[in-house]
Each structure stands twice: as structure tokens, then as C-alpha cells.
>>> print(open('target12.txt').read())   # compact mmCIF, C-alpha atoms and all ligand atoms
# COMPACT_ATOMS: atom_id res chain seq x y z
CA MET A 1 40.93 11.38 -4.11
CA THR A 2 37.47 12.30 -2.91
CA THR A 3 36.08 8.79 -3.30
CA GLY A 4 38.99 7.68 -1.11
CA LEU A 5 37.87 10.19 1.50
CA GLU A 6 34.30 8.97 1.29
CA GLN A 7 35.51 5.42 1.87
CA GLU A 8 37.58 6.49 4.86
CA ILE A 9 34.65 8.40 6.38
CA ARG A 10 32.44 5.33 5.98
CA GLN A 11 35.05 3.19 7.69
CA ALA A 12 35.29 5.69 10.54
CA LEU A 13 31.48 5.73 10.92
CA ASP A 14 31.51 1.96 11.11
CA THR A 15 33.72 2.13 14.21
CA VAL A 16 31.04 4.13 16.06
CA LYS A 17 28.95 1.59 17.95
CA ASP A 18 25.64 1.92 19.70
CA PRO A 19 26.81 2.78 23.26
CA GLU A 20 24.65 -0.01 24.67
CA ILE A 21 25.01 -2.64 21.95
CA ASP A 22 28.61 -2.85 20.83
CA ALA A 23 27.76 -5.45 18.19
CA VAL A 24 26.17 -2.86 15.91
CA SER A 25 27.51 0.37 14.42
CA ILE A 26 25.57 3.47 13.49
CA LEU A 27 25.93 2.36 9.85
CA ASP A 28 24.35 -1.01 10.70
CA LEU A 29 21.49 0.80 12.41
CA GLY A 30 20.90 2.99 9.37
CA MET A 31 21.43 6.19 11.34
CA PHE A 32 23.80 7.66 8.76
CA GLU A 33 22.09 9.94 6.23
CA THR A 34 24.52 12.21 4.33
CA MET A 35 28.11 13.39 4.23
CA GLU A 36 29.65 16.39 2.54
CA TRP A 37 32.97 18.15 2.74
CA THR A 38 34.74 21.30 1.68
CA GLU A 39 38.45 21.68 1.10
CA THR A 40 40.31 23.80 3.63
CA SER A 41 43.91 25.05 3.53
CA ASP A 42 45.26 21.83 5.02
CA GLY A 43 42.59 19.17 4.56
CA TYR A 44 38.81 18.85 4.68
CA ALA A 45 35.94 20.18 6.74
CA VAL A 46 33.42 17.33 6.97
CA ARG A 47 29.72 17.53 7.75
CA VAL A 48 27.78 14.36 8.51
CA THR A 49 24.06 14.12 9.17
CA LEU A 50 22.57 11.34 11.31
CA LEU A 51 18.98 10.31 12.00
CA PRO A 52 18.04 9.74 15.65
CA THR A 53 16.26 6.47 16.40
CA PHE A 54 14.16 7.92 19.23
CA LEU A 55 14.10 11.71 19.74
CA GLY A 56 14.66 11.69 23.50
CA CYS A 57 17.28 8.93 23.46
CA PRO A 58 20.05 9.84 25.94
CA ALA A 59 22.58 7.88 23.86
CA LEU A 60 22.35 10.44 21.04
CA GLU A 61 24.77 12.84 22.68
CA ILE A 62 27.33 10.07 23.18
CA ILE A 63 26.89 8.93 19.59
CA GLN A 64 27.41 12.49 18.38
CA LYS A 65 30.65 12.88 20.38
CA ASN A 66 31.94 9.46 19.37
CA THR A 67 31.20 10.18 15.71
CA GLU A 68 33.09 13.46 15.87
CA ALA A 69 36.05 11.75 17.54
CA ALA A 70 36.07 8.90 14.99
CA LEU A 71 35.96 11.29 12.03
CA LEU A 72 38.82 13.37 13.42
CA GLN A 73 40.93 10.19 13.28
CA VAL A 74 40.73 10.28 9.47
CA PRO A 75 44.09 11.80 8.43
CA GLN A 76 42.93 14.60 6.09
CA VAL A 77 39.93 15.61 8.16
CA GLN A 78 40.51 18.91 9.95
CA THR A 79 37.09 19.80 11.31
CA VAL A 80 33.85 17.88 11.72
CA ASP A 81 30.26 18.84 12.18
CA VAL A 82 27.82 16.08 13.19
CA VAL A 83 24.17 17.04 13.03
CA PHE A 84 20.95 15.13 13.81
CA LEU A 85 17.99 15.48 11.44
CA PHE A 86 14.48 14.16 11.94
CA ASP A 87 13.53 14.51 8.30
CA PRO A 88 13.58 11.94 6.77
CA PRO A 89 12.48 10.08 9.90
CA TRP A 90 14.54 7.09 10.98
CA THR A 91 12.53 3.91 10.62
CA SER A 92 13.54 0.43 11.66
CA ASP A 93 13.62 -0.85 8.08
CA ARG A 94 16.85 1.16 7.73
CA ILE A 95 18.67 -1.44 9.85
CA THR A 96 20.94 -3.48 7.58
CA ASP A 97 21.12 -7.28 7.48
CA ARG A 98 24.42 -7.09 9.32
CA GLY A 99 22.68 -4.90 11.93
CA MET A 100 19.89 -7.48 12.31
CA THR A 101 22.48 -10.23 12.85
CA GLY A 102 24.40 -8.06 15.32
CA LEU A 103 21.28 -7.37 17.37
CA LYS A 104 20.40 -11.08 17.48
CA SER A 105 23.91 -12.01 18.58
CA PHE A 106 23.39 -9.59 21.45
CA GLY A 107 20.16 -11.33 22.46
CA ILE A 108 17.95 -8.57 21.09
CA ALA A 109 15.16 -9.39 18.67
CA PRO A 110 15.40 -7.08 15.66
CA PRO A 111 12.26 -5.10 14.80
CA ARG A 112 9.98 -6.46 12.10
CA VAL A 113 6.69 -5.09 10.86
CA ILE A 114 4.41 -7.35 8.85
CA ASP A 115 1.07 -5.99 7.61
CA GLY A 116 1.28 -3.09 10.07
CA HIS A 117 1.85 -5.41 13.04
CA TRP A 118 4.87 -5.94 15.21
CA GLU A 119 6.26 -9.46 14.65
CA ILE A 120 8.67 -10.73 17.28
CA ASP A 121 10.81 -13.86 17.02
CA CYS A 122 12.79 -15.07 20.02
CA PRO A 123 16.47 -14.28 19.26
CA TYR A 124 17.49 -17.61 20.85
CA CYS A 125 15.14 -20.18 19.33
CA GLY A 126 13.21 -18.26 16.69
CA SER A 127 9.81 -19.03 18.24
CA THR A 128 7.03 -16.48 17.81
CA PHE A 129 5.30 -17.83 20.94
CA VAL A 130 6.37 -14.84 23.05
CA SER A 131 4.75 -12.39 25.47
CA ILE A 132 5.51 -8.73 26.09
CA GLU A 133 6.50 -8.34 29.74
CA ASN A 134 7.22 -4.64 29.61
CA LEU A 135 6.73 -2.43 26.59
CA PHE A 136 9.37 -0.05 27.93
CA GLY A 137 12.69 -1.77 28.55
CA PRO A 138 16.01 -0.39 29.79
CA THR A 139 16.01 2.20 26.99
CA ALA A 140 13.22 3.90 25.07
CA CYS A 141 13.93 1.84 21.98
CA ARG A 142 13.65 -1.60 23.58
CA SER A 143 10.99 -3.79 25.23
CA ILE A 144 11.29 -6.78 27.55
CA LEU A 145 9.77 -10.07 26.41
CA TYR A 146 9.53 -13.67 27.47
CA CYS A 147 9.81 -16.68 25.17
CA LYS A 148 7.26 -19.31 26.08
CA SER A 149 9.05 -21.92 23.96
CA CYS A 150 12.60 -21.81 25.31
CA LYS A 151 11.60 -19.99 28.52
CA ASN A 152 14.17 -17.22 28.13
CA PRO A 153 13.55 -13.57 28.83
CA PHE A 154 14.88 -11.35 26.05
CA GLU A 155 14.76 -7.83 24.72
CA ALA A 156 13.31 -6.64 21.44
CA MET A 157 13.95 -3.44 19.58
CA LYS A 158 10.67 -1.63 19.04
CA PRO A 159 9.74 -1.15 15.42
CA VAL A 160 9.52 2.46 14.32
CA SER A 161 7.42 2.59 11.22
CA THR A 162 5.15 4.94 9.33
CA LEU A 163 2.91 1.90 8.74
CA MET A 164 1.88 1.57 12.37
CA MET B 1 5.85 34.98 5.94
CA THR B 2 4.61 38.24 7.48
CA GLU B 3 5.56 39.11 11.06
CA ALA B 4 1.99 38.39 12.20
CA GLU B 5 2.20 34.96 10.60
CA ARG B 6 5.58 34.25 12.15
CA LEU B 7 4.13 35.11 15.56
CA ALA B 8 1.13 32.84 15.04
CA LEU B 9 3.42 29.97 14.02
CA ALA B 10 5.57 30.64 17.09
CA SER B 11 2.48 30.68 19.30
CA LEU B 12 1.37 27.25 18.08
CA MET B 13 4.85 25.80 18.50
CA TYR B 14 5.12 27.24 22.04
CA GLN B 15 1.84 25.49 22.85
CA LEU B 16 3.19 22.17 21.58
CA ALA B 17 6.61 22.61 23.19
CA ASP B 18 5.38 23.78 26.60
CA ASP B 19 2.76 21.01 26.70
CA ASP B 20 5.33 18.25 26.25
CA PHE B 21 7.85 20.01 28.49
CA LEU B 22 5.51 20.18 31.49
CA TYR B 23 4.00 16.78 30.75
CA ALA B 24 7.50 15.27 30.75
CA TYR B 25 8.38 17.07 33.98
CA ARG B 26 5.29 15.86 35.83
CA GLY B 27 5.96 12.35 34.50
CA SER B 28 9.57 12.42 35.69
CA GLU B 29 8.42 13.34 39.20
CA TRP B 30 7.05 9.80 39.49
CA LEU B 31 10.54 8.33 39.38
CA GLY B 32 10.84 5.94 42.33
CA LEU B 33 7.17 6.40 43.25
CA ALA B 34 5.33 4.47 40.52
CA PRO B 35 3.37 1.35 41.59
CA HIS B 36 6.21 -1.02 40.66
CA ILE B 37 9.72 -1.03 39.25
CA GLU B 38 8.63 -1.88 35.68
CA GLU B 39 6.28 1.07 35.71
CA ASP B 40 9.09 3.27 36.98
CA VAL B 41 11.11 2.33 33.92
CA ALA B 42 8.18 2.82 31.55
CA SER B 43 7.15 6.18 33.03
CA SER B 44 10.66 7.56 32.81
CA SER B 45 11.08 6.28 29.26
CA ILE B 46 7.89 8.07 28.24
CA ALA B 47 8.96 11.22 30.08
CA GLN B 48 12.31 11.05 28.30
CA ASP B 49 10.69 10.67 24.87
CA SER B 50 8.33 13.55 25.62
CA MET B 51 11.18 15.79 26.76
CA GLY B 52 12.84 14.90 23.45
CA HIS B 53 9.71 16.02 21.59
CA ALA B 54 9.62 19.31 23.52
CA ALA B 55 13.31 19.87 22.69
CA MET B 56 12.58 19.49 18.98
CA TYR B 57 9.74 22.03 19.09
CA TYR B 58 12.00 24.48 20.95
CA GLN B 59 14.59 23.86 18.22
CA LEU B 60 12.01 24.77 15.55
CA LEU B 61 11.30 27.94 17.54
CA GLU B 62 15.00 28.75 17.59
CA ASP B 63 15.04 28.24 13.82
CA ILE B 64 12.44 30.99 13.34
CA GLY B 65 14.36 33.47 15.48
CA GLU B 66 12.79 33.03 18.92
CA GLY B 67 16.14 32.61 20.72
CA LYS B 68 18.13 29.67 22.04
CA ALA B 69 16.16 26.43 22.43
CA ASP B 70 17.58 25.70 25.90
CA ALA B 71 16.68 29.10 27.23
CA LEU B 72 13.18 28.91 25.70
CA ALA B 73 12.62 25.70 27.63
CA HIS B 74 13.97 26.86 30.95
CA VAL B 75 13.86 30.58 31.57
CA ARG B 76 10.46 31.74 30.31
CA LEU B 77 8.11 32.87 33.09
CA ALA B 78 4.68 31.44 33.85
CA HIS B 79 2.73 34.17 32.04
CA GLU B 80 4.84 33.54 28.92
CA ARG B 81 4.02 29.83 28.92
CA LYS B 82 1.38 28.49 26.56
CA ASN B 83 0.89 24.96 27.86
CA SER B 84 -2.52 23.59 28.76
CA VAL B 85 -3.32 23.91 32.47
CA LEU B 86 -3.83 20.12 32.53
CA VAL B 87 -0.11 19.31 32.24
CA GLU B 88 1.08 21.78 34.89
CA ARG B 89 -1.10 20.36 37.69
CA VAL B 90 0.78 18.71 40.55
CA ASN B 91 0.70 14.92 40.82
CA GLY B 92 -0.84 15.26 44.25
CA PRO B 93 -0.18 16.93 47.59
CA GLY B 94 3.34 17.01 49.01
CA TYR B 95 6.63 17.53 47.24
CA TYR B 96 8.78 15.09 45.38
CA MET B 97 11.44 15.18 48.09
CA GLU B 98 9.12 15.29 51.09
CA ASN B 99 5.96 13.28 51.77
CA PRO B 100 4.67 12.92 48.23
CA GLU B 101 1.08 11.66 48.22
CA TYR B 102 0.77 11.28 44.52
CA ASP B 103 -2.40 10.01 42.94
CA TRP B 104 -1.71 7.23 40.43
CA ALA B 105 -5.29 7.19 39.14
CA TYR B 106 -4.97 10.89 38.31
CA ALA B 107 -1.64 10.24 36.56
CA VAL B 108 -3.12 7.44 34.47
CA VAL B 109 -6.22 9.42 33.46
CA ARG B 110 -4.26 12.59 32.72
CA ASN B 111 -1.61 10.71 30.76
CA TYR B 112 -4.12 8.73 28.73
CA CYS B 113 -6.37 11.70 27.92
CA TYR B 114 -3.38 13.90 27.12
CA THR B 115 -1.65 11.28 24.96
CA LEU B 116 -4.85 10.66 23.01
CA ALA B 117 -5.17 14.43 22.44
CA LYS B 118 -1.53 14.58 21.41
CA LYS B 119 -2.15 11.79 18.90
CA VAL B 120 -5.09 13.71 17.42
CA ARG B 121 -3.01 16.89 17.14
CA ILE B 122 0.02 15.07 15.69
CA ASP B 123 -2.12 13.41 13.02
CA SER B 124 -3.36 16.83 12.00
CA LEU B 125 0.12 18.37 12.11
CA LYS B 126 1.32 15.76 9.62
CA LYS B 127 -0.66 17.81 7.07
CA SER B 128 0.58 21.18 8.35
CA SER B 129 1.43 23.84 5.76
CA TYR B 130 4.65 24.47 7.70
CA ALA B 131 6.88 21.68 6.36
CA PRO B 132 9.33 21.38 9.29
CA LEU B 133 6.41 20.91 11.69
CA ALA B 134 4.82 18.31 9.40
CA ALA B 135 8.10 16.38 9.22
CA LEU B 136 8.54 16.45 12.99
CA ALA B 137 4.98 15.21 13.45
CA VAL B 138 5.76 12.12 11.35
CA LYS B 139 8.68 11.32 13.65
CA VAL B 140 6.83 12.00 16.92
CA ASN B 141 3.86 9.92 15.78
CA MET B 142 5.94 6.77 15.54
CA GLU B 143 7.04 7.06 19.18
CA LEU B 144 3.60 8.09 20.35
CA TYR B 145 2.18 4.74 19.28
CA TYR B 146 3.86 3.09 22.28
CA HIS B 147 2.86 5.80 24.76
CA LEU B 148 -0.78 5.49 23.79
CA LEU B 149 -0.69 1.70 24.00
CA HIS B 150 0.85 1.93 27.46
CA TRP B 151 -1.62 4.43 28.95
CA GLN B 152 -4.65 2.87 27.35
CA THR B 153 -3.70 -0.46 28.98
CA TRP B 154 -3.43 1.17 32.42
CA PHE B 155 -6.65 3.12 31.91
CA THR B 156 -8.73 0.07 31.05
CA GLN B 157 -7.09 -2.19 33.63
CA LEU B 158 -7.63 0.22 36.54
CA TYR B 159 -11.23 0.77 35.50
CA GLN B 160 -11.75 -3.00 35.43
CA SER B 161 -10.10 -3.77 38.77
CA THR B 162 -11.79 -2.96 42.12
CA GLU B 163 -14.74 -0.75 43.02
CA THR B 164 -12.36 1.56 44.93
CA ALA B 165 -10.13 1.87 41.87
CA ARG B 166 -13.16 2.71 39.78
CA GLN B 167 -14.20 5.49 42.16
CA LYS B 168 -10.69 6.93 42.10
CA MET B 169 -10.67 6.79 38.31
CA ASP B 170 -14.05 8.55 38.12
CA ALA B 171 -12.81 11.28 40.45
CA ALA B 172 -9.63 11.65 38.40
CA LEU B 173 -11.60 11.84 35.15
CA GLU B 174 -13.71 14.62 36.65
CA ARG B 175 -10.60 16.63 37.52
CA VAL B 176 -8.90 16.00 34.19
CA LEU B 177 -11.93 17.08 32.17
CA ALA B 178 -12.30 20.19 34.34
CA ASP B 179 -8.91 21.31 32.97
CA PHE B 180 -9.30 20.03 29.42
CA GLY B 181 -11.00 23.07 27.91
CA ASP B 182 -7.84 24.81 26.77
CA LEU B 183 -6.13 21.74 25.34
CA PHE B 184 -7.49 22.08 21.81
CA ASP B 185 -7.71 25.87 22.06
CA TYR B 186 -5.17 27.94 20.12
CA GLY B 187 -5.59 31.13 22.13
CA GLU B 188 -5.25 34.60 20.69
CA ALA B 189 -3.54 33.39 17.50
CA THR B 190 -6.45 31.14 16.43
CA GLU B 191 -7.51 33.11 13.38
CA ILE B 192 -4.09 33.34 11.74
CA ILE B 193 -3.28 29.72 12.64
CA ASP B 194 -6.48 28.76 10.79
CA GLU B 195 -5.75 30.96 7.79
CA MET B 196 -2.22 29.57 7.50
CA ARG B 197 -3.52 25.98 7.75
CA LEU B 198 -0.91 25.10 10.35
CA ILE B 199 -3.30 22.65 12.01
CA GLU B 200 -7.02 21.91 11.76
CA GLY B 201 -9.58 23.80 13.83
CA GLN B 202 -10.36 23.17 17.48
CA GLY B 203 -13.86 21.76 16.80
CA ILE B 204 -12.61 19.14 14.35
CA LEU B 205 -9.91 17.93 16.72
CA ILE B 206 -12.23 17.75 19.74
CA ASP B 207 -14.65 15.65 17.69
CA ARG B 208 -11.86 13.26 16.73
CA TRP B 209 -10.74 13.02 20.34
CA TYR B 210 -14.28 12.15 21.45
CA GLN B 211 -14.58 9.62 18.63
CA ALA B 212 -11.37 7.88 19.67
CA LEU B 213 -12.26 7.87 23.36
CA THR B 214 -15.92 6.88 23.15
CA PRO B 215 -15.53 3.17 22.27
CA VAL B 216 -13.08 2.73 25.17
CA LEU B 217 -15.47 4.41 27.60
CA VAL B 218 -18.49 2.50 26.31
CA ASP B 219 -16.67 -0.80 26.90
CA LEU B 220 -15.94 0.27 30.47
CA ASN B 221 -19.40 1.71 31.03
CA VAL B 222 -17.98 5.11 31.91
CA THR B 223 -19.73 8.43 31.30
CA LEU B 224 -17.43 11.25 30.31
CA PRO B 225 -17.84 14.33 32.54
CA GLU B 226 -18.34 17.73 30.94
CA MET B 227 -15.25 19.40 29.51
CA LYS B 228 -14.55 22.71 31.25
CA MET B 229 -11.93 25.41 31.32
CA THR B 230 -10.38 26.76 34.51
CA TYR B 231 -7.70 28.96 32.93
CA ASN B 232 -6.75 29.36 29.28
CA GLY B 233 -3.11 28.33 29.31
CA ARG B 234 -2.82 29.15 25.60
CA ASN B 235 -3.08 32.83 26.54
CA GLY B 236 -0.60 32.58 29.39
CA GLU B 237 -3.21 32.16 32.15
CA HIS B 238 -2.12 29.50 34.63
CA SER B 239 -2.68 27.95 38.03
CA PRO B 240 -0.15 28.53 40.84
CA ASP B 241 1.14 24.98 40.23
CA LEU B 242 3.01 26.18 37.16
CA ASN B 243 5.14 28.65 39.10
CA ASP B 244 6.30 25.94 41.49
CA ALA B 245 7.18 23.60 38.62
CA LEU B 246 9.09 26.31 36.78
CA SER B 247 11.11 27.37 39.78
CA THR B 248 12.19 23.75 40.40
CA LEU B 249 13.03 23.29 36.72
CA GLY B 250 14.79 26.66 36.63
CA GLU B 251 16.94 25.88 39.67
CA VAL B 252 18.21 22.69 38.06
CA TYR B 253 18.93 24.57 34.84
CA LEU B 254 20.80 27.40 36.58
CA LEU B 255 22.83 24.85 38.58
CA ASP B 256 23.72 23.11 35.32
CA GLN B 257 24.77 26.38 33.75
CA SER B 258 27.03 27.35 36.63
CA ALA B 259 28.53 23.84 36.58
CA VAL B 260 30.11 24.77 33.23
CA TRP B 261 32.19 27.40 35.01
ZN ZN C 301 12.96 -18.84 22.55
>>> encode(input="target12.txt", output="C-alpha cells", more="lines below")
Ligand SMILES: [Zn+2]
Amino acid sequence: MTTGLEQEIRQALDTVKDPEIDAVSILDLGMFETMEWTETSDGYAVRVTLLPTFLGCPALEIIQKNTEAALLQVPQVQTVDVVFLFDPPWTSDRITDRGMTGLKSFGIAPPRVIDGHWEIDCPYCGSTFVSIENLFGPTACRSILYCKSCKNPFEAMKPVSTLM
Amino acid sequence: MTEAERLALASLMYQLADDDFLYAYRGSEWLGLAPHIEEDVASSSIAQDSMGHAAMYYQLLEDIGEGKADALAHVRLAHERKNSVLVERVNGPGYYMENPEYDWAYAVVRNYCYTLAKKVRIDSLKKSSYAPLAALAVKVNMELYYHLLHWQTWFTQLYQSTETARQKMDAALERVLADFGDLFDYGEATEIIDEMRLIEGQGILIDRWYQALTPVLVDLNVTLPEMKMTYNGRNGEHSPDLNDALSTLGEVYLLDQSAVW
């Protein structure tokens, strides 16, 4: 019974996409931290904790609302409480392989840290011969780059790491 | 925790919160006025991040019984504010809406010096005895990396451009350092903050700040002016600039509140 609920909650969370990148869900981004529930008279009260990518990110409020709405679609769920935590901190190594693929398909280079340095591959041709045009892109979490191999501008998600 | 200890913890967190709150506000005033469109985007991103940091400190204050985070950010009066005087200073003469004559050199110097000081404080807070503050510091630190990189680039590039730019930067550095004296100060709560090991002492942090800044200045052949104190913001002493900022911020907040009705 309860494992069924857990599965349904996971599925609901997977329908919540990054408001700006609809190819990746909050599960793909590794924003999901914990879930718990208590039985009520006619179903379950669910509490989910999420980790914000960047603290001032304006998308967080939208993600919170969309997560609440998605969870309320689960048949037995009566009430939901979606809370952001900063401990543990979200780091970019929480992004799943599927998330990495989703970002690339959207033309965004996924974040990679190698030996404490930011490694960027062009999402189109894979070249590392790239230059940072603007560290701060359209959102706090992204930068604007230029690939000197295939001559395409692209965006990259900034790595967030305790190693840097 | 005794009541005196709770108050000292609150005092430190007000200092951190109010610093980032005013810093973010002054940064956001540059929207549409920065030297180019890319810088507009970068400045507002940094302001947004910093406002996010302030919001988290206000949340920690709410958690120790200081009241609602939103209200703590918006409705406290100037003499209740504990931010450094440096971050409340106007960007230049004129108002955002009418004839702003903002000084970009001052913005770059203030932002770089402040961000470097924030980095020094955050590194120390990572070892704070108050666990929620230590955890938040780990998170803030990861975002700060990009802010510091951004302002350090501007700082060195402007210093290396024209002779006029260099003079403006020197003048800005003079003004920034004249207000820097309260930045590492903890005000009246210093003793208990020390005893509780919430953050390391003022002297240690100033030394680290100088150590981080010196190689950059040596490369640019810049002499750092003397650090002075005009007002001690940590004790609620402020310049008239703070009142103006708070009334603008407060108006927006009150408008927002009434919009709910
Ligand atoms: Zn390429």
C-alpha cells in the first residue's frame, strides 16, 4: 500500500518540469530530497522536501506551486506541504544521467567539475574549445558561451560544488 | 541558549541579512543603467542571488522567534538596521526614476570589496557553532564563487583601461574604504558572539581580507587607502541614505501587501 503511494508520488514529481527547461523534471535535476506522509481520515497528508538550485532563483516559487498541484493529482493524497531546505545543499552532481541528456537536448551544457575546475563541452559538437561570453545568462543558474569549433552560441548550467 | 545568547545570535544574523538586503537593493537600482545589456543581466542576477541570501538569513531569524521573515526585511526602521554603512550608500546623485548619475566605478569597487568581505565571512561561518548558519554558509558560498569572479574581472579590467578610469577607480576606492570600518565589526554583541564561537573575531577576518586583496592590488600597482569608519551600522548608526532606501523599499512592500486585498 505505502510503497504504491511512494511510487505514485515519484511519478507525480517527475511530471514537474523546470519552468524554463521542459526537458528535465525536478527529479532529473536532483532537487527532490525526502517524502513522508501521515494517514488522515480519508487519505494521506504528504510532506515533500526539495533542495533549491540557487537560493534567489525566481523559478522556485513556480516549482513549489507546480509540485503541490501535481501531488494533489495523486488519488489518495488529501493535503500537501512542499518545503525547500538548504541543508544538505543542492550540488550539480545530483543531476541524473537522464537530466544531463535532457539539458543537452535543450542546447544547455550540463555542469561538470573536474579537479575543482569547471569543464564545459559544447552541447552540439562536444568540443571543449569554448569561451565564456557572459558568466550570468538569462537565469542565475546559467551562463552564455560560444563554441569556437562549431561556431554556435550556447548556454551552460553553472556547476554548484563544494569543491570549488 | 540563554536569552543574552539568543540576542547575540540574532544580532549577527541581522548584520548578515541587512547587509545582503541593502546590497541587493543598491544592485537592483542599476537595472537598465549598467554599461551594457550583458552587464544588466549579470548585475540583476547577482542582486537576485543576494536577495535570496538575505531572505534565508531572515528565515533563520524567524526560526529563533524574531517575527515574520518578510516583515523583518521590510518594516524595520533605520535605527533598527544592522547593515554596514557601505551597502546603504546611494549609487550616485539623482534618483532611479529621475536623472540618475550613477557612478559605475564606485559600484564596481564597492561590489568587489564587499563580495570579497562576504567570502571571508562566509568561510568563517562554515565553522559556526550555530549549525543552521553553518549549513547556510555552505550553500551561499557556492553561489558567491561566481559573484567574486565577476566583480574581480571588472575591478582589474577598469584599473587596466584608461588613465581616467584609473582616477575614477582610485576615487571610488577612497570612498569605499572610508565606509569599510564597520564591515567586520560585530557591534555591541561582540563579546557574546566571540564566546559562542558564532564566527571568528574581527581582527582575524580583516587580516584575511587584506591577504586576499593584496596580490590583486600589487598586480595593478594600487595602494589601498586607510580603512575608516563614518558610522557604526552594526549598532544602528546610519547615514541619511538608508532612510531613503528603506522608504522606497517599504512603499513597494506596502503596495504588494494591499494588492492581496
Ligand atoms: Zn560546438
>>> interface_residues(input="target12.txt", of="chain B", to="chain A", cutoff="8 Å", atoms="only C-alpha atoms", output="PyMOL selection string")
chain B and resi 38+41-42+45-46+48-53+56+135-136+138-140+142-143+145-146+150
>>> axis_aligned_box(input="target12.txt", around="stretch 22-41 of chain A", padding_each_side="8 Å", output="lines of an AutoDock Vina configuration file")
center_x = 32.4
center_y = 9.8
center_z = 11.0
size_x = 39.0
size_y = 46.5
size_z = 35.7
>>> residues_near_ligand(input="target12.txt", ligand="ligand ZN 301 (chain C)", cutoff="8 Å", atoms="all atoms listed in the file", output="compact mmCIF listing (two decimals) with C-alpha atoms, in the frame of the given file")
# COMPACT_ATOMS: atom_id res chain seq x y z
CA ASP A 121 10.81 -13.86 17.02
CA CYS A 122 12.79 -15.07 20.02
CA PRO A 123 16.47 -14.28 19.26
CA TYR A 124 17.49 -17.61 20.85
CA CYS A 125 15.14 -20.18 19.33
CA GLY A 126 13.21 -18.26 16.69
CA SER A 127 9.81 -19.03 18.24
CA THR A 128 7.03 -16.48 17.81
CA PHE A 129 5.30 -17.83 20.94
CA VAL A 130 6.37 -14.84 23.05
CA TYR A 146 9.53 -13.67 27.47
CA CYS A 147 9.81 -16.68 25.17
CA LYS A 148 7.26 -19.31 26.08
CA SER A 149 9.05 -21.92 23.96
CA CYS A 150 12.60 -21.81 25.31
CA LYS A 151 11.60 -19.99 28.52
CA ASN A 152 14.17 -17.22 28.13
>>> atom_distance(input="target12.txt", atom1="atom CA of B:Arg197", atom2="atom CA of B:Ser124")
10.1 Å
>>> atom_distance(input="target12.txt", atom1="atom CA of A:Ala23", atom2="atom CA of A:Asp81")
25.1 Å
>>> residues_around(input="target12.txt", residues="stretch 75-80 of chain A", least_positions_apart="2", cutoff="10 Å", atoms="only C-alpha atoms", output="PyMOL selection string")
chain A and resi 5+8-9+37+39-48+67-73+82-83
>>> atom_distance(input="target12.txt", atom1="atom CA of B:Asn221", atom2="atom CA of B:Ile204")
25.1 Å
>>> decode(input="target12.txt", residues="stretch 47-65 of chain B", atoms="N, CA and C atoms", output="PDB file, in the first residue's frame")
ATOM      1  N   ALA B  47      22.103  40.534  -7.925  1.00  0.00           N
ATOM      2  CA  ALA B  47      21.189  41.154  -6.960  1.00  0.00           C
ATOM      3  C   ALA B  47      20.128  40.137  -6.511  1.00  0.00           C
ATOM      4  N   GLN B  48      19.650  39.368  -7.474  1.00  0.00           N
ATOM      5  CA  GLN B  48      18.632  38.353  -7.169  1.00  0.00           C
ATOM      6  C   GLN B  48      19.176  37.280  -6.215  1.00  0.00           C
ATOM      7  N   ASP B  49      20.368  36.779  -6.514  1.00  0.00           N
ATOM      8  CA  ASP B  49      21.014  35.807  -5.624  1.00  0.00           C
ATOM      9  C   ASP B  49      21.151  36.392  -4.221  1.00  0.00           C
ATOM     10  N   SER B  50      21.624  37.640  -4.162  1.00  0.00           N
ATOM     11  CA  SER B  50      21.907  38.254  -2.863  1.00  0.00           C
ATOM     12  C   SER B  50      20.622  38.472  -2.079  1.00  0.00           C
ATOM     13  N   MET B  51      19.544  38.847  -2.786  1.00  0.00           N
ATOM     14  CA  MET B  51      18.266  38.984  -2.113  1.00  0.00           C
ATOM     15  C   MET B  51      17.830  37.621  -1.566  1.00  0.00           C
ATOM     16  N   GLY B  52      18.127  36.570  -2.321  1.00  0.00           N
ATOM     17  CA  GLY B  52      17.841  35.203  -1.864  1.00  0.00           C
ATOM     18  C   GLY B  52      18.622  34.871  -0.593  1.00  0.00           C
ATOM     19  N   HIS B  53      19.869  35.310  -0.516  1.00  0.00           N
ATOM     20  CA  HIS B  53      20.672  35.061   0.680  1.00  0.00           C
ATOM     21  C   HIS B  53      20.079  35.806   1.873  1.00  0.00           C
ATOM     22  N   ALA B  54      19.718  37.080   1.650  1.00  0.00           N
ATOM     23  CA  ALA B  54      19.107  37.871   2.725  1.00  0.00           C
ATOM     24  C   ALA B  54      17.844  37.171   3.220  1.00  0.00           C
ATOM     25  N   ALA B  55      17.018  36.689   2.279  1.00  0.00           N
ATOM     26  CA  ALA B  55      15.759  36.029   2.660  1.00  0.00           C
ATOM     27  C   ALA B  55      16.017  34.820   3.555  1.00  0.00           C
ATOM     28  N   MET B  56      17.099  34.088   3.272  1.00  0.00           N
ATOM     29  CA  MET B  56      17.396  32.917   4.103  1.00  0.00           C
ATOM     30  C   MET B  56      17.840  33.314   5.510  1.00  0.00           C
ATOM     31  N   TYR B  57      18.618  34.387   5.619  1.00  0.00           N
ATOM     32  CA  TYR B  57      19.002  34.859   6.966  1.00  0.00           C
ATOM     33  C   TYR B  57      17.766  35.332   7.737  1.00  0.00           C
ATOM     34  N   TYR B  58      16.866  36.056   7.053  1.00  0.00           N
ATOM     35  CA  TYR B  58      15.642  36.497   7.737  1.00  0.00           C
ATOM     36  C   TYR B  58      14.820  35.284   8.167  1.00  0.00           C
ATOM     37  N   GLN B  59      14.850  34.226   7.348  1.00  0.00           N
ATOM     38  CA  GLN B  59      14.148  32.996   7.731  1.00  0.00           C
ATOM     39  C   GLN B  59      14.760  32.402   9.007  1.00  0.00           C
ATOM     40  N   LEU B  60      16.096  32.393   9.084  1.00  0.00           N
ATOM     41  CA  LEU B  60      16.746  31.870  10.303  1.00  0.00           C
ATOM     42  C   LEU B  60      16.368  32.725  11.510  1.00  0.00           C
ATOM     43  N   LEU B  61      16.187  34.023  11.285  1.00  0.00           N
ATOM     44  CA  LEU B  61      15.766  34.910  12.378  1.00  0.00           C
ATOM     45  C   LEU B  61      14.341  34.588  12.803  1.00  0.00           C
ATOM     46  N   GLU B  62      13.492  34.327  11.824  1.00  0.00           N
ATOM     47  CA  GLU B  62      12.124  33.918  12.149  1.00  0.00           C
ATOM     48  C   GLU B  62      12.151  32.635  12.986  1.00  0.00           C
ATOM     49  N   ASP B  63      13.030  31.720  12.612  1.00  0.00           N
ATOM     50  CA  ASP B  63      13.126  30.438  13.315  1.00  0.00           C
ATOM     51  C   ASP B  63      13.542  30.587  14.778  1.00  0.00           C
ATOM     52  N   ILE B  64      14.216  31.685  15.137  1.00  0.00           N
ATOM     53  CA  ILE B  64      14.569  31.858  16.550  1.00  0.00           C
ATOM     54  C   ILE B  64      13.655  32.888  17.224  1.00  0.00           C
ATOM     55  N   GLY B  65      12.485  33.083  16.629  1.00  0.00           N
ATOM     56  CA  GLY B  65      11.445  33.865  17.313  1.00  0.00           C
ATOM     57  C   GLY B  65      11.509  35.372  17.145  1.00  0.00           C
TER      58      GLY B  65
END
